[in-house]
file work_17.cif (mmCIF, C-alpha atoms and all ligand atoms)
data_structure
#
loop_
_atom_site.group_PDB
_atom_site.id
_atom_site.type_symbol
_atom_site.label_atom_id
_atom_site.label_comp_id
_atom_site.auth_asym_id
_atom_site.auth_seq_id
_atom_site.Cartn_x
_atom_site.Cartn_y
_atom_site.Cartn_z
ATOM 1 C CA MET A 343 146.171 100.512 90.281
ATOM 2 C CA THR A 344 149.566 99.164 91.409
ATOM 3 C CA VAL A 345 151.620 96.636 89.452
ATOM 4 C CA ALA A 346 150.898 93.975 92.106
ATOM 5 C CA GLU A 347 147.165 94.462 91.699
ATOM 6 C CA THR A 348 147.360 93.922 87.932
ATOM 7 C CA ILE A 349 149.022 90.509 88.297
ATOM 8 C CA GLN A 350 146.526 87.657 88.488
ATOM 9 C CA PRO A 351 147.546 85.040 91.064
ATOM 10 C CA PRO A 352 148.156 81.711 89.277
ATOM 11 C CA PHE A 353 145.644 79.809 91.436
ATOM 12 C CA LEU A 354 142.015 79.729 92.523
ATOM 13 C CA VAL A 355 140.218 78.574 95.671
ATOM 14 C CA THR A 356 137.570 75.965 94.903
ATOM 15 C CA PRO A 357 136.115 72.815 96.553
ATOM 16 C CA LEU A 358 137.580 69.338 95.918
ATOM 17 C CA PRO A 359 135.688 66.142 96.797
ATOM 18 C CA GLY A 360 136.468 64.975 100.340
ATOM 19 C CA LYS A 361 138.783 67.916 101.078
ATOM 20 C CA GLY A 362 136.585 71.019 101.213
ATOM 21 C CA MET A 363 137.986 74.263 99.827
ATOM 22 C CA SER A 364 141.297 73.757 98.069
ATOM 23 C CA VAL A 365 143.809 75.806 96.102
ATOM 24 C CA ILE A 366 144.362 74.850 92.453
ATOM 25 C CA ALA A 367 147.014 76.143 90.042
ATOM 26 C CA THR A 368 145.434 77.865 87.035
ATOM 27 C CA ALA A 369 148.716 77.956 85.084
ATOM 28 C CA PRO A 370 152.101 76.220 85.263
ATOM 29 C CA ILE A 371 154.089 77.664 88.210
ATOM 30 C CA PRO A 372 157.882 77.292 88.381
ATOM 31 C CA ILE A 373 159.780 76.159 91.479
ATOM 32 C CA ASP A 374 160.588 78.862 94.084
ATOM 33 C CA THR A 375 157.749 81.155 92.995
ATOM 34 C CA LEU A 376 156.343 83.453 95.663
ATOM 35 C CA LEU A 377 152.629 82.650 95.505
ATOM 36 C CA PHE A 378 151.372 85.204 98.031
ATOM 37 C CA SER A 379 152.145 86.807 101.359
ATOM 38 C CA GLU A 380 149.635 87.933 103.948
ATOM 39 C CA LEU A 381 149.167 89.270 107.459
ATOM 40 C CA PRO A 382 147.359 87.125 110.052
ATOM 41 C CA LEU A 383 143.646 87.388 110.806
ATOM 42 C CA LEU A 384 144.504 86.429 114.365
ATOM 43 C CA LEU A 385 147.906 86.143 116.038
ATOM 44 C CA LEU A 386 148.693 84.720 119.475
ATOM 45 C CA LEU A 387 151.973 85.829 120.990
ATOM 46 C CA ASP A 388 152.253 84.219 124.380
ATOM 47 C CA GLU A 389 155.636 83.614 125.856
ATOM 48 C CA SER A 390 154.388 82.421 129.212
ATOM 49 C CA HIS A 391 151.700 79.800 128.405
ATOM 50 C CA SER A 392 150.254 80.625 131.838
ATOM 51 C CA THR A 393 146.695 80.880 130.474
ATOM 52 C CA PRO A 394 144.973 77.872 128.836
ATOM 53 C CA LEU A 395 145.094 77.914 125.040
ATOM 54 C CA GLN A 396 141.299 77.935 124.551
ATOM 55 C CA THR A 397 140.988 80.987 126.812
ATOM 56 C CA ARG A 398 143.694 82.825 124.881
ATOM 57 C CA VAL A 399 142.144 81.948 121.508
ATOM 58 C CA LEU A 400 138.698 83.130 122.584
ATOM 59 C CA ALA A 401 140.034 86.319 124.178
ATOM 60 C CA ALA A 402 141.826 87.211 120.930
ATOM 61 C CA PHE A 403 138.821 86.179 118.811
ATOM 62 C CA ASN A 404 136.428 88.335 120.857
ATOM 63 C CA LYS A 405 138.652 91.390 120.303
ATOM 64 C CA LEU A 406 138.671 91.054 116.498
ATOM 65 C CA PRO A 407 137.069 93.846 114.433
ATOM 66 C CA PRO A 408 134.051 92.741 112.298
ATOM 67 C CA LYS A 409 135.956 92.032 109.049
ATOM 68 C CA PRO A 410 138.646 89.661 110.351
ATOM 69 C CA ARG A 411 136.062 88.127 112.691
ATOM 70 C CA ALA A 412 133.821 87.304 109.709
ATOM 71 C CA GLY A 413 136.867 86.091 107.752
ATOM 72 C CA LEU A 414 137.844 83.742 110.565
ATOM 73 C CA LEU A 415 134.295 82.419 111.011
ATOM 74 C CA SER A 416 134.119 81.642 107.275
ATOM 75 C CA LEU A 417 137.041 79.182 107.493
ATOM 76 C CA CYS A 418 136.731 75.419 107.820
ATOM 77 C CA SER A 419 135.967 74.279 111.384
ATOM 78 C CA ASN A 420 135.229 70.538 110.846
ATOM 79 C CA LEU A 421 132.092 70.971 113.030
ATOM 80 C CA ASP A 422 128.868 69.108 112.246
ATOM 81 C CA GLN A 423 127.179 71.318 109.621
ATOM 82 C CA GLY A 424 123.771 69.889 110.559
ATOM 83 C CA LYS A 425 123.943 71.467 114.014
ATOM 84 C CA LYS A 426 123.873 75.084 115.203
ATOM 85 C CA HIS A 427 127.077 76.300 116.868
ATOM 86 C CA THR A 428 127.994 79.444 118.768
ATOM 87 C CA ASP A 429 130.570 81.787 117.225
ATOM 88 C CA GLU A 430 132.973 80.812 120.000
ATOM 89 C CA ALA A 431 132.597 77.084 119.251
ATOM 90 C CA ILE A 432 133.198 77.811 115.556
ATOM 91 C CA ALA A 433 136.243 79.944 116.414
ATOM 92 C CA LEU A 434 137.770 77.074 118.413
ATOM 93 C CA GLY A 435 137.047 74.620 115.577
ATOM 94 C CA VAL A 436 138.617 77.020 113.092
ATOM 95 C CA TRP A 437 141.626 77.380 115.375
ATOM 96 C CA LYS A 438 142.149 73.612 115.552
ATOM 97 C CA ALA A 439 141.800 73.138 111.789
ATOM 98 C CA ASN A 440 143.774 76.164 110.603
ATOM 99 C CA ASN A 441 146.311 77.495 113.085
ATOM 100 C CA PHE A 442 149.954 77.680 112.086
ATOM 101 C CA CYS A 443 152.626 77.235 114.729
ATOM 102 C CA LEU A 444 155.066 79.927 113.629
ATOM 103 C CA ASP A 445 158.115 79.404 115.832
ATOM 104 C CA SER A 446 160.093 76.407 117.013
ATOM 105 C CA GLU A 447 159.073 76.954 120.665
ATOM 106 C CA GLY A 448 155.355 76.817 119.846
ATOM 107 C CA THR A 449 154.701 80.213 121.436
ATOM 108 C CA VAL A 450 153.637 82.114 118.291
ATOM 109 C CA ASN A 451 150.527 80.869 116.469
ATOM 110 C CA GLY A 452 148.349 82.454 113.829
ATOM 111 C CA ILE A 453 145.457 82.063 111.437
ATOM 112 C CA PHE A 454 145.836 83.333 107.863
ATOM 113 C CA GLU A 455 142.853 83.708 105.572
ATOM 114 C CA LEU A 456 144.348 82.463 102.290
ATOM 115 C CA ALA A 457 147.012 80.146 103.728
ATOM 116 C CA ALA A 458 144.172 78.423 105.614
ATOM 117 C CA ARG A 459 142.796 77.201 102.286
ATOM 118 C CA LEU A 460 145.812 75.066 101.394
ATOM 119 C CA ASN A 461 145.267 71.421 102.171
ATOM 120 C CA HIS A 462 147.818 69.076 103.674
ATOM 121 C CA ALA A 463 149.934 66.533 101.795
ATOM 122 C CA CYS A 464 152.116 64.095 103.709
ATOM 123 C CA ILE A 465 155.880 64.468 103.549
ATOM 124 C CA GLY A 466 157.188 64.259 99.985
ATOM 125 C CA GLY A 467 153.757 64.840 98.407
ATOM 126 C CA GLU A 468 153.578 68.572 99.133
ATOM 127 C CA ASN A 469 154.487 71.217 96.547
ATOM 128 C CA CYS A 470 154.601 74.396 98.651
ATOM 129 C CA ARG A 471 156.289 75.686 101.786
ATOM 130 C CA TRP A 472 155.814 78.766 103.924
ATOM 131 C CA GLU A 473 157.987 81.294 105.715
ATOM 132 C CA TRP A 474 157.042 83.515 108.623
ATOM 133 C CA ASP A 475 158.685 86.915 109.019
ATOM 134 C CA PRO A 476 158.456 87.927 112.708
ATOM 135 C CA GLU A 477 159.452 91.511 111.840
ATOM 136 C CA THR A 478 156.732 92.249 109.270
ATOM 137 C CA ARG A 479 154.380 89.558 110.685
ATOM 138 C CA GLU A 480 153.758 88.282 107.174
ATOM 139 C CA MET A 481 153.478 84.693 106.034
ATOM 140 C CA ALA A 482 154.776 83.972 102.521
ATOM 141 C CA PHE A 483 154.022 80.841 100.483
ATOM 142 C CA TYR A 484 156.475 79.481 97.881
ATOM 143 C CA THR A 485 156.441 76.548 95.488
ATOM 144 C CA VAL A 486 159.021 73.812 96.197
ATOM 145 C CA ARG A 487 158.863 72.264 92.726
ATOM 146 C CA ASP A 488 157.479 73.020 89.275
ATOM 147 C CA ILE A 489 153.689 72.776 89.325
ATOM 148 C CA GLU A 490 151.375 71.953 86.435
ATOM 149 C CA GLU A 491 148.145 73.735 85.570
ATOM 150 C CA GLY A 492 145.283 72.053 87.434
ATOM 151 C CA GLU A 493 147.463 70.648 90.244
ATOM 152 C CA GLU A 494 146.366 71.184 93.821
ATOM 153 C CA LEU A 495 148.707 73.387 95.888
ATOM 154 C CA THR A 496 149.518 71.717 99.210
ATOM 155 C CA HIS A 497 151.950 71.946 102.077
ATOM 156 C CA CYS A 498 152.891 69.440 104.751
ATOM 157 C CA TYR A 499 151.284 70.353 108.083
ATOM 158 C CA ARG A 500 153.658 68.082 110.015
ATOM 159 C CA PRO A 501 156.956 67.449 108.181
ATOM 160 C CA ASP A 502 158.305 65.966 111.435
ATOM 161 C CA TRP A 503 155.875 63.041 111.272
ATOM 162 C CA ARG A 504 157.837 60.303 109.527
ATOM 163 C CA MET A 505 155.817 57.169 110.196
ATOM 164 C CA GLY A 506 153.705 54.662 108.252
ATOM 165 C CA THR A 507 150.443 55.714 106.605
ATOM 166 C CA LYS A 508 148.165 54.141 109.191
ATOM 167 C CA ASN A 509 149.877 55.820 112.149
ATOM 168 C CA ARG A 510 150.181 59.131 110.287
ATOM 169 C CA ARG A 511 146.505 59.125 109.373
ATOM 170 C CA GLU A 512 145.600 58.395 113.009
ATOM 171 C CA ALA A 513 147.891 61.187 114.217
ATOM 172 C CA LEU A 514 146.392 63.650 111.710
ATOM 173 C CA MET A 515 142.893 62.688 112.864
ATOM 174 C CA GLU A 516 143.866 63.134 116.501
ATOM 175 C CA GLU A 517 145.713 66.438 116.051
ATOM 176 C CA TYR A 518 143.763 68.098 113.213
ATOM 177 C CA GLY A 519 140.487 66.161 113.029
ATOM 178 C CA PHE A 520 140.563 64.899 109.420
ATOM 179 C CA PHE A 521 141.159 61.656 107.539
ATOM 180 C CA CYS A 522 144.035 62.353 105.161
ATOM 181 C CA GLY A 523 143.282 61.822 101.484
ATOM 182 C CA CYS A 524 146.613 63.091 100.120
ATOM 183 C CA THR A 525 148.308 61.361 97.180
ATOM 184 C CA THR A 526 150.924 59.775 99.480
ATOM 185 C CA CYS A 527 148.299 58.199 101.785
ATOM 186 C CA GLU A 528 146.152 57.120 98.838
ATOM 187 C CA SER A 529 149.074 55.484 97.033
ATOM 188 C CA PRO A 530 148.813 51.663 97.048
ATOM 189 C CA GLU A 531 152.609 51.488 97.482
ATOM 190 C CA GLU A 532 152.368 53.165 100.897
ATOM 191 C CA ASP A 533 152.284 50.929 103.983
HETATM 192 C C1 LIG B 601 143.720 74.398 106.822
HETATM 193 S S1 LIG B 601 142.226 73.728 106.276
HETATM 194 C C2 LIG B 601 142.491 73.552 104.539
HETATM 195 C C3 LIG B 601 141.360 74.119 103.715
HETATM 196 C C4 LIG B 601 140.032 73.432 103.909
HETATM 197 N N1 LIG B 601 139.922 72.302 103.004
HETATM 198 C C5 LIG B 601 138.848 74.349 103.725
HETATM 199 O O1 LIG B 601 137.789 73.895 103.294
HETATM 200 O O2 LIG B 601 138.968 75.525 104.073
HETATM 201 C C6 LIG B 601 142.388 72.107 106.912
HETATM 202 C C7 LIG B 601 141.191 71.215 106.676
HETATM 203 O O3 LIG B 601 141.101 70.857 105.310
HETATM 204 C C8 LIG B 601 140.798 69.473 105.176
HETATM 205 N N2 LIG B 601 141.995 68.800 104.665
HETATM 206 C C9 LIG B 601 143.250 69.309 104.580
HETATM 207 N N3 LIG B 601 144.114 68.447 104.053
HETATM 208 C C10 LIG B 601 143.412 67.338 103.804
HETATM 209 C C11 LIG B 601 143.762 66.061 103.283
HETATM 210 N N4 LIG B 601 145.005 65.761 102.901
HETATM 211 N N5 LIG B 601 142.789 65.122 103.175
HETATM 212 C C12 LIG B 601 141.510 65.389 103.549
HETATM 213 N N6 LIG B 601 141.118 66.595 104.061
HETATM 214 C C13 LIG B 601 142.055 67.551 104.188
HETATM 215 C C14 LIG B 601 140.439 68.993 106.583
HETATM 216 O O4 LIG B 601 139.075 69.214 106.808
HETATM 217 C C15 LIG B 601 141.270 69.918 107.436
HETATM 218 O O5 LIG B 601 140.786 70.038 108.757
#
call {"tool": "encode", "arguments": {"input": "work_17.cif", "output": "structure tokens"}}
result
Amino acid sequence: MTVAETIQPPFLVTPLPGKGMSVIATAPIPIDTLLFSELPLLLLLDESHSTPLQTRVLAAFNKLPPKPRAGLLSLCSNLDQGKKHTDEAIALGVWKANNFCLDSEGTVNGIFELAARLNHACIGGENCRWEWDPETREMAFYTVRDIEEGEELTHCYRPDWRMGTKNRREALMEEYGFFCGCTTCESPEED
């Protein structure tokens, strides 16, 4: 067993009301701690954008080996759970809910199995950030402040969205398909 394998990560993945699966600190975690790093389940590298996004996502999904395919299908898709969906419909729902845009041009996008479990908090409410290494193709998550045991680990899906709560919630619904229940949006002091 390696040293890394003997270290217990200081968090667990568990459901929270209204948010689905969530990541919770199981011990105090200091600022600037590397929480984890991981390779993508699915990565889209498309410089040209000549093919529609849905086609590219499905082409990459249909080439996945069984393990990452099952991992991807197990992620949150925001589809109606009462209905039956094809694997391709689930894959597109998972893509919408979980893909990370990894470069400033929007040409590199990926899905990461553990990173996909961190919920969003609007700007200022988040406690984690991520970095993408294009050389190793790893995503690393770090804390951006000291975190208490029991706190939810979050990152801000759209730090560029600096607008009032109502507009931000509408934009999050439009872009990601969920009604934001982060501490910032729930605060009575927010507009
Ligand atoms: C990347 S996933 C995060 C993990 C997800 N909760 C799960 O069950 O796997 C994004 C989805 O989580 C939920 N979610 C994330 N942040 C949220 C928030 N601030 N308020 C409510 N739901 C949120 C939404 O369903 C969203 O589409």
call {"tool": "atom_distance", "arguments": {"input": "work_17.cif", "atom1": "atom CA of Asn404 of chain A", "atom2": "atom CA of Leu384 of chain A"}}
result
10.5 Å
call {"tool": "residues_around", "arguments": {"input": "work_17.cif", "residues": "Arg487 of chain A", "least_positions_apart": "2", "cutoff": "8 Å", "atoms": "all atoms listed in the file", "output": "tab-separated table (two decimals) with C-alpha atoms, in the coordinates of the input"}}
result
chain	number	residue	atom	x	y	z
A	372	PRO	CA	157.88	77.29	88.38
A	373	ILE	CA	159.78	76.16	91.48
A	374	ASP	CA	160.59	78.86	94.08
A	469	ASN	CA	154.49	71.22	96.55
A	470	CYS	CA	154.60	74.40	98.65
A	485	THR	CA	156.44	76.55	95.49
A	489	ILE	CA	153.69	72.78	89.32
call {"tool": "atom_distance", "arguments": {"input": "work_17.cif", "atom1": "atom CA of Leu400 of chain A", "atom2": "atom CA of Ala482 of chain A"}}
result
25.7 Å
call {"tool": "axis_aligned_box", "arguments": {"input": "work_17.cif", "around": "ligand LIG 601 (chain B)", "padding_each_side": "4 Å", "output": "AutoDock Vina command-line options"}}
result
--center_x 141.4 --center_y 70.3 --center_z 105.8 --size_x 15.2 --size_y 18.4 --size_z 13.9
call {"tool": "resolve_selection", "arguments": {"input": "work_17.cif", "expression": "the PyMOL selection byres (((chain A and resi 527) around 12) and not hetatm)", "output": "ChimeraX atom specification"}}
result
/A:462-468,505-512,514,521-526,528-533
call {"tool": "residues_around", "arguments": {"input": "work_17.cif", "residues": "Leu460 of chain A", "least_positions_apart": "3", "cutoff": "8 Å", "atoms": "only C-alpha atoms", "output": "list in words"}}
result
Ser364, Val365, Leu456, Ala457, Leu495, Thr496 and His497 of chain A
call {"tool": "atom_distance", "arguments": {"input": "work_17.cif", "atom1": "atom CA of Arg471 of chain A", "atom2": "atom CA of Leu415 of chain A"}}
result
24.8 Å
call {"tool": "residues_around", "arguments": {"input": "work_17.cif", "residues": "Ala401 of chain A", "least_positions_apart": "2", "cutoff": "12 Å", "atoms": "all atoms listed in the file", "output": "PyMOL selection string"}}
result
chain A and resi 384-386+393-399+403-406+430+433-434
call {"tool": "residues_near_point", "arguments": {"input": "work_17.cif", "point": "(153.2, 84.5, 110.2)", "cutoff": "8 Å", "atoms": "only C-alpha atoms", "output": "ChimeraX atom specification"}}
result
/A:380-382,442,444,451-452,454,473-476,479-482
call {"tool": "closest_residue", "arguments": {"input": "work_17.cif", "among": "A:Gly435, A:Pro410, A:Gly448, A:Pro370", "to": "ligand LIG 601 (chain B)", "atoms": "all atoms listed in the file"}}
result
A:Gly435
call {"tool": "closest_residue", "arguments": {"input": "work_17.cif", "among": "A:Glu517, A:Tyr499, A:Val355, A:Leu387", "to": "Glu447 of chain A", "atoms": "only C-alpha atoms"}}
result
A:Leu387
call {"tool": "closest_residue", "arguments": {"input": "work_17.cif", "among": "A:Val436, A:Pro352, A:Ser379, A:Asp502", "to": "Ile366 of chain A", "atoms": "only C-alpha atoms"}}
result
A:Pro352
call {"tool": "closest_residue", "arguments": {"input": "work_17.cif", "among": "A:Ala369, A:Ala402, A:Val450, A:Leu421", "to": "ligand LIG 601 (chain B)", "atoms": "all atoms listed in the file"}}
result
A:Leu421
call {"tool": "residues_around", "arguments": {"input": "work_17.cif", "residues": "Thr368 of chain A", "least_positions_apart": "4", "cutoff": "6 Å", "atoms": "all atoms listed in the file", "output": "PyMOL selection string"}}
result
chain A and resi 352-353+491-492
call {"tool": "closest_residue", "arguments": {"input": "work_17.cif", "among": "A:Asn441, A:Gln423, A:Thr478, A:Thr428", "to": "ligand LIG 601 (chain B)", "atoms": "all atoms listed in the file"}}
result
A:Asn441
call {"tool": "closest_residue", "arguments": {"input": "work_17.cif", "among": "A:Val486, A:Ala513, A:Met363, A:Ile432", "to": "ligand LIG 601 (chain B)", "atoms": "all atoms listed in the file"}}
result
A:Met363
